Structure formats: C-alpha cells, structure tokens
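Take a look at the structure set out below.
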Amino acid sequence: MDNKEILVINGGKPLEGEVCISGAKNSALPILAACVLGTEEIILDAVPKLKDVEIMIDVLRHLGSKVEYIDEETVRIDSSNINTCETPFELMDKMRASFVVMGPLLSRFKKAYTKAPGGCNIGARPIDLHLKGFQALGAESMVNDDEISITTNGELFGNEIYLDFPSVGATQNIMMAATLAKGETTIENAAKEPEIVDLASFLSKMGAKIKGAGTSTIVIEGVEKLTGARHTIIPDRIEAASYMIAAVMTKGDVTIKNVIGSHIRPIIAKLIEMGASVEEYEDEDIIRVSTNHRLKPTNVQTLPYPGFPTDAQAQFMALMTVCDGESRIQETVFENRFMHVEQLNKMGAAIATSGNRATVVGVDRLHGASVKATDLRAGAALVMAGLTAKGETRVSDIYHIDRGYSDLEGKFRKLGADIKRVKVK
Ligand code: EPZ
C-alpha cells in the first residue's frame with residue numbers, strides 16, 4: 001500500500017462543469033473473471049483504470065491468460081492456455097473480490113484453489129453462500145487453515161439454489177459456475193444489481209444461456225463451451241452518485257456524462273426530495289445536478305438493489321452533515337460501515353451512531369482537518385467533505401480511494417476544486 005501520498009484539499013469552491021463517468025469497477029471485476037470461461041479472444045471496452053482492475057488482471061495472467069491493453073480502456077484477453085487453477089494467495093489478500101474467479105475455474109476445469117478471502121474494514125465478508133451454491137452444483141469445498149479447494153470429480157450438475165441473502169458476489173460466482181454445468185440451474189433470491197445484468201449480458205455474448213438476470217430468479221441452461229465476445233462495461237453508478245452528491249455539497253452545477261439514471265434512481269429521488277435540481281437527459285445518458293441553497297434533511301436505509309446502495313452511504317452521510325435539520329441513516333447490508341463517522345466528526349460534523357443507525361445533525365459548515373480514509377467509499381466521502389469545508393483538509397491512506405475511483409482528483413480539479421495529490425515523508 002502506498003502510504004506516502006495524501007490528498008490536500010482547500011474547500012469552498014462550488015463544483016461547476018462536466019465530468020465523464022468511467023466503466024463500473026463492480027462490473028469490470030466479475031466480467032474479467034468470467035473471461036476464464038472463454039476459449040477464444042475477448043475484447044472489453046470501457047475498462048476503468050483502477051488498482052482493483054490491475055489486481056484482477058494480475059490474477060488472470062497468473063492463471064495463464066494473455067491480457068493486454070490495446071487502448072487506454074480497451075483490454076484483449078485470451079484464456080485458451082490457462083495452466084493452473086490456483087489463484088495466488090498474495091493477490092487474494094490484496095483484493096478479496098478475486099474470489100469471483102472461483103466459479104469460472106470450477107466450471108471450466110472442475111477445480112479451483114485459493115486462499116480464503118479475509119474480511120475487510122466494513123465487515124466479515126463470509127463466503128458461505130458462494131460455497132453453498134458450488135456444493136449444490138455437485139462440487140466439494142474443503143477449507144483448511146486459510147486455503148480453500150473446490151473440486152468435483154465429475155461434472156457439475158444444474159440445481160435449484162436459494163440464497164439466504166441476495167449476495168452480489170455469490171450470485172455472480174454461482175451464475176458463472178452454472179454456465180458449463182449439465183442441465184438447468186435456478187438461483188432464487190438472486191441479487192438484482194445492474195452489474196449482475198451486465199455480467200449476464202457478457203456471458204450470453206460468449207454463448208451462455210441465461211434468463212432473468214436483474215430479477216430475483218435467474219435460470220442458467222448449461223452449454224458445452226463458451227467462446228469469445230466483445231463487450232462494453234456499463235458506467236459506474238457509484239462513481240456517478242459520488243459526483244452528483246459532491247455537486248450539491250458544494251452548491252455547484254455539474255453535468256454528469258455517461259450515466260444511466262435508472263441505475264441510481266434512489267440517489268436521484270433523495271436529492272430531489274432534499275431540494276436539489278436534477279435534470280435527466282436519458283437519451284444522452286446525461287444528468288445535470290445543481291443547487292444554490294442548503295438542502296433539507298432526509299432519512300436513508302441501505303438495501304440490496306433496487307434499494308439505496310450501501311456503496312453510496314458514506315458519501316450521502318457527508319452531504320447530510322451540511323444539510324438543515326436532522327437526518328438518519330440505517331446501514332443494513334454491512335455490519336461495520338460507519339468508520340467514516342469519526343473522521344467526519346473531526347471536521348466538525350455532528351454524527352452519533354448506535355449499532356447500524358446514525359443520526360446526523362446538520363452544521364453550518366465543516367472545517368478542514370487531517371483525516372484518514374478507512375475504506376474506499378469512506379475515502380471518497382472525506383474528499384467530498386473537504387471540498388465544502390472551510391480551510392485545508394488532508395486525507396491520508398488514499399490507496400483505498402485509488403482502488404475504486406479513476407483519477408478522482410483530476411476529475412474534481414476539472415470541476416474547479418482546489419485539490420492535489422502530495423507525496424509525504
Ligand atoms: C459487492 O460485494 C461489491 N463489491 C461491494 O462493493 C458492494 O458493497 C456489495 O456487493 C453490496 O452491493 C464488488 O462487486 C467487487 P455481497 P460482495 O455478497 O459481493 C453477506 C465497493 O465499495 N454475505 O452482496 O462481497 C455479506 O456479509 C464494494 O465497491 C454473506 O453473509 O457483497 C454482506 O453483509 C464494497 N455470505 C452482504 O451479504 C456470503 O456468502 C452483502 O454482501 C456472501 C455475502
């Protein structure tokens with residue numbers, strides 16, 4: 001982790017202008033993993049330049065895939081010569097999302113080995129639903145110390161699988177494992193996120209037979225093999241939400257380009273409810289967000305899609321700190337996703353928490369402080385708080401931010417923010 005860089009922000013400038021959203025991190029990662037299933041060349045467009053994407057590409061290369069950039073955000077992958085089914089432990093340590101390569105390895109090679117993905121700052125992040133799905137397809141999973149092996153001595157067979165929780169990763173892993181299984185698999189209580197739909201659309205281009213992605217019931221008819229495809233990653237709805245929220249926090253006027261409004265309906269609805277102006281130009285994938293006054297308070301409960309996204313909770317809490325009145329947040333998806341509270345309170349916010357509930361009393365203005373990014377979205381929230389705070393804010397541990405936001409400071413600078421990346425001793 002590069003601890004030697006920080007972001008220095010001088011707040012108070014309204015953000016104005018245009019920002020173009022990159023491809024979705026949480027779609028690019030499972031789609032890159034799905035390339036393991038393909039026996040012919042794959043081209044992916046709109047692959048975001050992110051640390052997490054670099055790690056997933058390293059995982060594919062370790063497995064034997066040939067991966068090369070043929071343009072700034074276009075990647076060519078050839079997985080015809082994969083020569084191992086073991087995901088490198090050190091890469092799993094770096095990014096637990098690498099676990100989503102297990103389903104494709106199991107499906108194509110009938111075995112997959114890796115290190116158990118540990119928890120992270122926001123929660124224990126268990127994988128029981130992933131393993132339950134693999135077992136339902138006929139695989140055996142063994143977990144000893146921290147190594148996981150998932151194998152089957154024959155074929156995988158389609159089955160009915162019910163997910164106790166609509167887990168995004170488990171839905172993706174099981175859907176990919178089922179693509180080459182014998183027979184039909186039904187996933188009940190499946191996750192409905194747009195990234196699930198994007199993955200299913202990519203797999204279908206490779207020849208998979210998938211119905212119902214985006215609903216609670218996904219049906220996969222196993223096929224003999226999957227070939228190549230070309231696919232453009234959908235825009236990152238959480239990145240878009242972050243810039244929309246930053247625009248209103250700074251009482252600015254920002255046009256967001258390359259955004260699908262239907263993917264962030266809860267954010268749009270809440271911002272309008274709080275008094276911001278949000279204009280959607282759906283046929284052009286453009287949303288314009290502005291306000292010249294403080295916003296009204298609101299209450300938010302994070303839920304699986306299509307509910308309010310947990311990945312926008314920290315950023316929305318930062319906005320609430322400078323709204324009128326008292327706002328409330330209930331975080332229902334992860335068990336420890338309030339670490340940004342202490343950092344925001346260092347900037348003069350008035351946030352109290354009890355369990356998975358937070359109460360935010362709006363203050364006139366935040367003040368700059370030295371704060372620490374504790375996870376990816378908390379880091380973005382602190383930068384956004386710095387953009388509106390009085391004085392200078394220094395955000396450290398920004399490697400968290402670099403995992404999921406491409407050129408955050410460059411995009412904010414283009415909108416008029418006084419923000420720079422500084423090397424520290
Ligand atoms: C994906 O994580 C995203 N990451 C997360 O984004 C996002 O917050 C999350 O979905 C929810 O939308 C990627 O796509 C790479 P889950 P994932 O499985 O798949 C419990 C970001 O900031 N659960 O839907 O790990 C789990 O403990 C990141 O971009 C089990 O109990 O999320 C959690 O409480 C953060 N058993 C809940 O489900 C399991 O086997 C949601 O987890 C799996 C999950």
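Residue numbers start at 1 in each chain; chains themselves are named A, B, ... in the order of the structure tokens; ligands are numbered from 1 in the order shown.
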
task = as a list in words, please: all residues of segment 365-404 of chain A that backbone DSSP puts in strand (DSSP E or B).
result =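 Reading the DSSP output for segment 365-404 of chain A, strand (DSSP E or B) covers His367, Ser370, Val371, Lys372, Lys390, Glu392, Thr393, Arg394, Val395 and Ser396 of chain A.
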
Would you list the contacts of Ile264 of chain A as a PDB file with all heavy atoms, in the first residue's frame, taking every protein, DNA or RNA residue within 10 Å and counting only C-alpha atoms, but skipping same-chain residues closer than 6 positions in sequence?
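around-v2.pdb was written with the following content:
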```pdb
ATOM      1  N   PRO A 194     -27.390  -3.861 -11.303  1.00  0.00           N
ATOM      2  CA  PRO A 194     -27.068  -3.706 -12.730  1.00  0.00           C
ATOM      3  C   PRO A 194     -25.805  -4.449 -13.142  1.00  0.00           C
ATOM      4  O   PRO A 194     -25.678  -4.907 -14.273  1.00  0.00           O
ATOM      5  CB  PRO A 194     -26.874  -2.192 -12.873  1.00  0.00           C
ATOM      6  CG  PRO A 194     -27.654  -1.589 -11.757  1.00  0.00           C
ATOM      7  CD  PRO A 194     -27.572  -2.566 -10.620  1.00  0.00           C
ATOM      8  N   ASP A 236     -20.123   3.396 -14.164  1.00  0.00           N
ATOM      9  CA  ASP A 236     -20.061   3.133 -12.718  1.00  0.00           C
ATOM     10  C   ASP A 236     -21.095   3.998 -11.990  1.00  0.00           C
ATOM     11  O   ASP A 236     -20.903   5.201 -11.799  1.00  0.00           O
ATOM     12  CB  ASP A 236     -18.638   3.448 -12.202  1.00  0.00           C
ATOM     13  CG  ASP A 236     -18.435   2.908 -10.787  1.00  0.00           C
ATOM     14  OD1 ASP A 236     -19.328   3.115  -9.943  1.00  0.00           O
ATOM     15  OD2 ASP A 236     -17.402   2.259 -10.545  1.00  0.00           O
ATOM     16  N   ARG A 237     -22.176   3.361 -11.525  1.00  0.00           N
ATOM     17  CA  ARG A 237     -23.283   4.114 -10.905  1.00  0.00           C
ATOM     18  C   ARG A 237     -22.850   4.758  -9.584  1.00  0.00           C
ATOM     19  O   ARG A 237     -23.377   5.788  -9.176  1.00  0.00           O
ATOM     20  CB  ARG A 237     -24.494   3.208 -10.701  1.00  0.00           C
ATOM     21  CG  ARG A 237     -24.233   1.996  -9.812  1.00  0.00           C
ATOM     22  CD  ARG A 237     -25.384   0.997  -9.888  1.00  0.00           C
ATOM     23  NE  ARG A 237     -24.980  -0.244  -9.243  1.00  0.00           N
ATOM     24  CZ  ARG A 237     -25.384  -0.621  -8.026  1.00  0.00           C
ATOM     25  NH1 ARG A 237     -26.240   0.107  -7.359  1.00  0.00           N
ATOM     26  NH2 ARG A 237     -24.952  -1.753  -7.498  1.00  0.00           N
ATOM     27  N   ILE A 238     -21.873   4.142  -8.898  1.00  0.00           N
ATOM     28  CA  ILE A 238     -21.462   4.693  -7.599  1.00  0.00           C
ATOM     29  C   ILE A 238     -20.530   5.887  -7.812  1.00  0.00           C
ATOM     30  O   ILE A 238     -20.578   6.884  -7.093  1.00  0.00           O
ATOM     31  CB  ILE A 238     -20.794   3.609  -6.724  1.00  0.00           C
ATOM     32  CG1 ILE A 238     -21.748   2.420  -6.539  1.00  0.00           C
ATOM     33  CG2 ILE A 238     -20.350   4.200  -5.387  1.00  0.00           C
ATOM     34  CD1 ILE A 238     -23.087   2.757  -5.889  1.00  0.00           C
ATOM     35  N   ALA A 240     -20.791   7.848 -10.374  1.00  0.00           N
ATOM     36  CA  ALA A 240     -21.733   8.901 -10.795  1.00  0.00           C
ATOM     37  C   ALA A 240     -22.426   9.506  -9.574  1.00  0.00           C
ATOM     38  O   ALA A 240     -22.487  10.731  -9.418  1.00  0.00           O
ATOM     39  CB  ALA A 240     -22.777   8.320 -11.750  1.00  0.00           C
ATOM     40  N   ALA A 241     -22.877   8.641  -8.668  1.00  0.00           N
ATOM     41  CA  ALA A 241     -23.555   9.124  -7.459  1.00  0.00           C
ATOM     42  C   ALA A 241     -22.620  10.026  -6.655  1.00  0.00           C
ATOM     43  O   ALA A 241     -23.030  11.069  -6.136  1.00  0.00           O
ATOM     44  CB  ALA A 241     -24.008   7.942  -6.605  1.00  0.00           C
ATOM     45  N   TYR A 305     -30.018  -3.811  -4.176  1.00  0.00           N
ATOM     46  CA  TYR A 305     -30.670  -3.174  -5.323  1.00  0.00           C
ATOM     47  C   TYR A 305     -32.073  -3.748  -5.532  1.00  0.00           C
ATOM     48  O   TYR A 305     -32.269  -4.949  -5.361  1.00  0.00           O
ATOM     49  CB  TYR A 305     -29.831  -3.461  -6.578  1.00  0.00           C
ATOM     50  CG  TYR A 305     -30.196  -2.608  -7.775  1.00  0.00           C
ATOM     51  CD1 TYR A 305     -29.603  -1.377  -7.992  1.00  0.00           C
ATOM     52  CD2 TYR A 305     -31.160  -3.045  -8.680  1.00  0.00           C
ATOM     53  CE1 TYR A 305     -29.952  -0.593  -9.090  1.00  0.00           C
ATOM     54  CE2 TYR A 305     -31.516  -2.270  -9.768  1.00  0.00           C
ATOM     55  CZ  TYR A 305     -30.910  -1.055  -9.966  1.00  0.00           C
ATOM     56  OH  TYR A 305     -31.260  -0.278 -11.040  1.00  0.00           O
ATOM     57  N   PRO A 306     -33.076  -2.912  -5.823  1.00  0.00           N
ATOM     58  CA  PRO A 306     -33.008  -1.505  -6.220  1.00  0.00           C
ATOM     59  C   PRO A 306     -33.122  -0.521  -5.056  1.00  0.00           C
ATOM     60  O   PRO A 306     -33.453   0.643  -5.282  1.00  0.00           O
ATOM     61  CB  PRO A 306     -34.220  -1.381  -7.139  1.00  0.00           C
ATOM     62  CG  PRO A 306     -35.228  -2.305  -6.531  1.00  0.00           C
ATOM     63  CD  PRO A 306     -34.437  -3.457  -5.999  1.00  0.00           C
ATOM     64  N   GLY A 307     -32.813  -0.948  -3.837  1.00  0.00           N
ATOM     65  CA  GLY A 307     -32.837  -0.027  -2.700  1.00  0.00           C
ATOM     66  C   GLY A 307     -31.655   0.925  -2.727  1.00  0.00           C
ATOM     67  O   GLY A 307     -30.806   0.863  -3.611  1.00  0.00           O
ATOM     68  N   PHE A 308     -31.549   1.758  -1.706  1.00  0.00           N
ATOM     69  CA  PHE A 308     -30.462   2.745  -1.651  1.00  0.00           C
ATOM     70  C   PHE A 308     -29.120   2.004  -1.532  1.00  0.00           C
ATOM     71  O   PHE A 308     -28.959   1.175  -0.635  1.00  0.00           O
ATOM     72  CB  PHE A 308     -30.654   3.673  -0.454  1.00  0.00           C
ATOM     73  CG  PHE A 308     -29.722   4.863  -0.476  1.00  0.00           C
ATOM     74  CD1 PHE A 308     -30.137   6.094  -0.959  1.00  0.00           C
ATOM     75  CD2 PHE A 308     -28.392   4.734  -0.057  1.00  0.00           C
ATOM     76  CE1 PHE A 308     -29.274   7.185  -1.004  1.00  0.00           C
ATOM     77  CE2 PHE A 308     -27.509   5.808  -0.110  1.00  0.00           C
ATOM     78  CZ  PHE A 308     -27.954   7.038  -0.587  1.00  0.00           C
ATOM     79  N   PRO A 309     -28.150   2.280  -2.390  1.00  0.00           N
ATOM     80  CA  PRO A 309     -26.911   1.476  -2.402  1.00  0.00           C
ATOM     81  C   PRO A 309     -26.011   1.729  -1.192  1.00  0.00           C
ATOM     82  O   PRO A 309     -25.688   2.876  -0.878  1.00  0.00           O
ATOM     83  CB  PRO A 309     -26.221   1.913  -3.686  1.00  0.00           C
ATOM     84  CG  PRO A 309     -26.757   3.265  -3.997  1.00  0.00           C
ATOM     85  CD  PRO A 309     -28.151   3.324  -3.446  1.00  0.00           C
ATOM     86  N   ALA A 312     -23.016   4.024  -1.546  1.00  0.00           N
ATOM     87  CA  ALA A 312     -23.150   5.494  -1.585  1.00  0.00           C
ATOM     88  C   ALA A 312     -23.502   6.033  -0.201  1.00  0.00           C
ATOM     89  O   ALA A 312     -23.736   7.231  -0.033  1.00  0.00           O
ATOM     90  CB  ALA A 312     -24.211   5.910  -2.599  1.00  0.00           C
TER      91      ALA A 312
END
```

inquiry  = List the spatial neighbours of Gly183 of chain A as a list in words - criterion: any atom at most 8 Å away, only C-alpha atoms, same-chain residues fewer than 3 positions off excluded.
reply    = Phe157, Gly158, Asn159, Glu221 and Gly222 of chain A

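Shortest separation to Met206 of chain A among A:Thr232, A:Ser396, A:Thr39, A:Asn121 occurs at residue A:Thr39, atoms counted being only C-alpha atoms.
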
request  = Step by step, measure atom-to-atom distances between ligand 1 and each residue using only C-alpha atoms and all ligand atoms, keep those at most 9 Å, then write them as an NGL selection string.
outcome  = :A and (25-30 or 52 or 95-98 or 100 or 119 or 122-132 or 163-172 or 191 or 193 or 195 or 238 or 303-305 or 309-312 or 332-335 or 375-378 or 403-404)

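The neighbours of segment 200-204 of chain A here are the residues that come within 8 Å of it, using only C-alpha atoms and leaving out any residue fewer than 6 positions away in the same chain; they are A:Ile31, A:Ala34, A:Ile210, A:Ala213, A:Ala229, A:His231.
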
Could you dump the residues just selected with C-alpha atoms as a PDB file, in the first residue's frame?
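Generated file (again26.pdb):
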```
ATOM      1  CA  ILE A  31     -16.512  -9.778 -16.180  1.00  0.00           C
ATOM      2  CA  ALA A  34     -15.642 -14.554 -16.476  1.00  0.00           C
ATOM      3  CA  ILE A 210     -29.119 -17.133 -19.016  1.00  0.00           C
ATOM      4  CA  ALA A 213     -30.751 -11.526 -14.706  1.00  0.00           C
ATOM      5  CA  ALA A 229     -17.001 -11.836 -27.324  1.00  0.00           C
ATOM      6  CA  HIS A 231     -18.358  -6.124 -24.563  1.00  0.00           C
TER       7      HIS A 231
END
```

inquiry  = Please return, as a VMD selection string, all residues of segment 163-374 of chain A that DSSP assigns to helix (DSSP H, G or I) on the basis of the backbone.
reply    = chain A and resid 168 to 178 194 to 205 237 to 249 261 to 273 282 to 284 310 to 320 340 to 346

query = Out of A:Leu199, A:Leu295, A:Met175, A:Val248, which residue has the shortest atom-to-atom distance to Val219 of chain A when counting only C-alpha atoms?
reply = A:Met175

Best match for closeness to Lys420 of chain A among A:Ser354, A:Thr393, A:Ser149, A:Ser327, counting only C-alpha atoms =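 Smallest distance to Lys420 of chain A is found for A:Thr393.
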
Using only C-alpha atoms, determine which residues lie at most 10 Å from Glu224 of chain A, disregarding the query and same-chain residues fewer than 2 positions distant; provide the list as a compact mmCIF listing (two decimals) with N, CA and C atoms, in the first residue's frame.
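Listed below is the output, result05.txt:
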```txt
# COMPACT_ATOMS: atom_id res chain seq x y z
N ARG A 108 -15.05 -24.47 -15.73
CA ARG A 108 -14.30 -24.91 -16.92
C ARG A 108 -13.34 -26.06 -16.61
N THR A 179 -22.77 -21.99 -15.90
CA THR A 179 -22.84 -21.82 -17.36
C THR A 179 -22.40 -23.08 -18.12
N LEU A 180 -21.46 -23.86 -17.55
CA LEU A 180 -20.97 -25.08 -18.24
C LEU A 180 -21.40 -26.34 -17.50
N ALA A 181 -22.34 -26.19 -16.54
CA ALA A 181 -22.83 -27.38 -15.82
C ALA A 181 -23.80 -28.14 -16.71
N LYS A 182 -24.04 -29.41 -16.36
CA LYS A 182 -25.01 -30.20 -17.15
C LYS A 182 -26.42 -29.87 -16.65
N GLY A 207 -22.03 -17.10 -25.42
CA GLY A 207 -22.75 -18.33 -25.74
C GLY A 207 -23.47 -18.96 -24.57
N ALA A 208 -23.43 -18.29 -23.39
CA ALA A 208 -24.15 -18.84 -22.23
C ALA A 208 -25.65 -18.65 -22.44
N GLY A 222 -27.03 -24.98 -18.84
CA GLY A 222 -25.62 -25.26 -19.13
C GLY A 222 -25.37 -25.51 -20.61
N LEU A 226 -17.89 -22.04 -23.94
CA LEU A 226 -18.12 -20.61 -24.18
C LEU A 226 -16.99 -20.08 -25.05
```

inquiry  = Calculated over only C-alpha atoms, which of the candidates A:Glu68, A:Gly379, A:Ala177, A:Arg394 has the smallest distance to Val101 of chain A?
reply    =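 Closest candidate: A:Ala177.
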
request  = Write out as an MDAnalysis selection string the residues lying within 12 Å of Ile401 of chain A, counting only C-alpha atoms and excluding same-chain residues fewer than 5 positions away.
outcome  = chainID A and resid 1:3 5:7 50:52 239 372:383 395:396 406:409

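For the set A:Ile351, A:Ile161, A:Ile419, A:Ile82, the residue with the smallest atom-to-atom gap to Ser65 of chain A is A:Ile82, counting only C-alpha atoms.
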
Among listed residues A:Asp78, A:Asp253, A:Glu160, A:Asp418, nearest Glu16 of chain A (using only C-alpha atoms) =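 The answer is A:Asp253, which sits nearest to Glu16 of chain A.
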
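The space separating atom CA of Ile329 of chain A from atom CA of Lys346 of chain A comes to 19.1 Å.
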
task = Name all residues at most 10 Å from Ile287 of chain A (count only C-alpha atoms; drop same-chain ones fewer than 6 positions away) and give them as a PyMOL selection string.
result = chain A and resi 18+240+244+254-261+268+278-281

Could you please take those selected residues and save N, CA and C atoms as an mmCIF file, in the first residue's frame?
```cif
data_model
loop_
_atom_site.group_PDB
_atom_site.id
_atom_site.type_symbol
_atom_site.label_atom_id
_atom_site.label_comp_id
_atom_site.auth_asym_id
_atom_site.auth_seq_id
_atom_site.Cartn_x
_atom_site.Cartn_y
_atom_site.Cartn_z
ATOM 1 N N GLU A 18 -18.394 19.756 -16.416
ATOM 2 C CA GLU A 18 -18.813 18.414 -16.851
ATOM 3 C C GLU A 18 -17.826 17.362 -16.354
ATOM 4 N N ALA A 240 -20.791 7.848 -10.374
ATOM 5 C CA ALA A 240 -21.733 8.901 -10.795
ATOM 6 C C ALA A 240 -22.426 9.506 -9.574
ATOM 7 N N MET A 244 -22.458 13.452 -8.206
ATOM 8 C CA MET A 244 -23.747 14.156 -8.041
ATOM 9 C C MET A 244 -23.849 14.716 -6.622
ATOM 10 N N VAL A 254 -23.216 20.715 -11.875
ATOM 11 C CA VAL A 254 -22.360 19.751 -12.569
ATOM 12 C C VAL A 254 -23.168 18.894 -13.535
ATOM 13 N N THR A 255 -22.645 18.728 -14.737
ATOM 14 C CA THR A 255 -23.260 17.830 -15.722
ATOM 15 C C THR A 255 -22.471 16.530 -15.741
ATOM 16 N N ILE A 256 -23.176 15.433 -15.420
ATOM 17 C CA ILE A 256 -22.538 14.108 -15.352
ATOM 18 C C ILE A 256 -22.808 13.409 -16.678
ATOM 19 N N LYS A 257 -21.749 12.975 -17.373
ATOM 20 C CA LYS A 257 -21.944 12.286 -18.663
ATOM 21 C C LYS A 257 -21.604 10.799 -18.509
ATOM 22 N N ASN A 258 -22.240 9.977 -19.366
ATOM 23 C CA ASN A 258 -22.076 8.526 -19.316
ATOM 24 C C ASN A 258 -22.616 7.952 -18.005
ATOM 25 N N VAL A 259 -23.893 8.252 -17.746
ATOM 26 C CA VAL A 259 -24.554 7.744 -16.531
ATOM 27 C C VAL A 259 -25.931 7.230 -16.922
ATOM 28 N N ILE A 260 -26.330 6.087 -16.323
ATOM 29 C CA ILE A 260 -27.657 5.502 -16.597
ATOM 30 C C ILE A 260 -28.564 5.807 -15.406
ATOM 31 N N GLY A 261 -29.497 6.751 -15.590
ATOM 32 C CA GLY A 261 -30.326 7.243 -14.488
ATOM 33 C C GLY A 261 -31.050 6.124 -13.752
ATOM 34 N N ILE A 268 -31.117 9.866 -7.102
ATOM 35 C CA ILE A 268 -31.832 10.963 -7.782
ATOM 36 C C ILE A 268 -33.057 11.353 -6.961
ATOM 37 N N VAL A 278 -32.354 18.199 -10.278
ATOM 38 C CA VAL A 278 -31.741 17.088 -11.023
ATOM 39 C C VAL A 278 -32.448 16.962 -12.366
ATOM 40 N N GLU A 279 -31.721 17.222 -13.446
ATOM 41 C CA GLU A 279 -32.327 17.130 -14.788
ATOM 42 C C GLU A 279 -31.727 15.933 -15.511
ATOM 43 N N GLU A 280 -32.600 14.984 -15.926
ATOM 44 C CA GLU A 280 -32.117 13.786 -16.628
ATOM 45 C C GLU A 280 -32.324 13.932 -18.126
ATOM 46 N N TYR A 281 -31.261 13.689 -18.902
ATOM 47 C CA TYR A 281 -31.387 13.650 -20.371
ATOM 48 C C TYR A 281 -31.112 12.198 -20.769
#
```
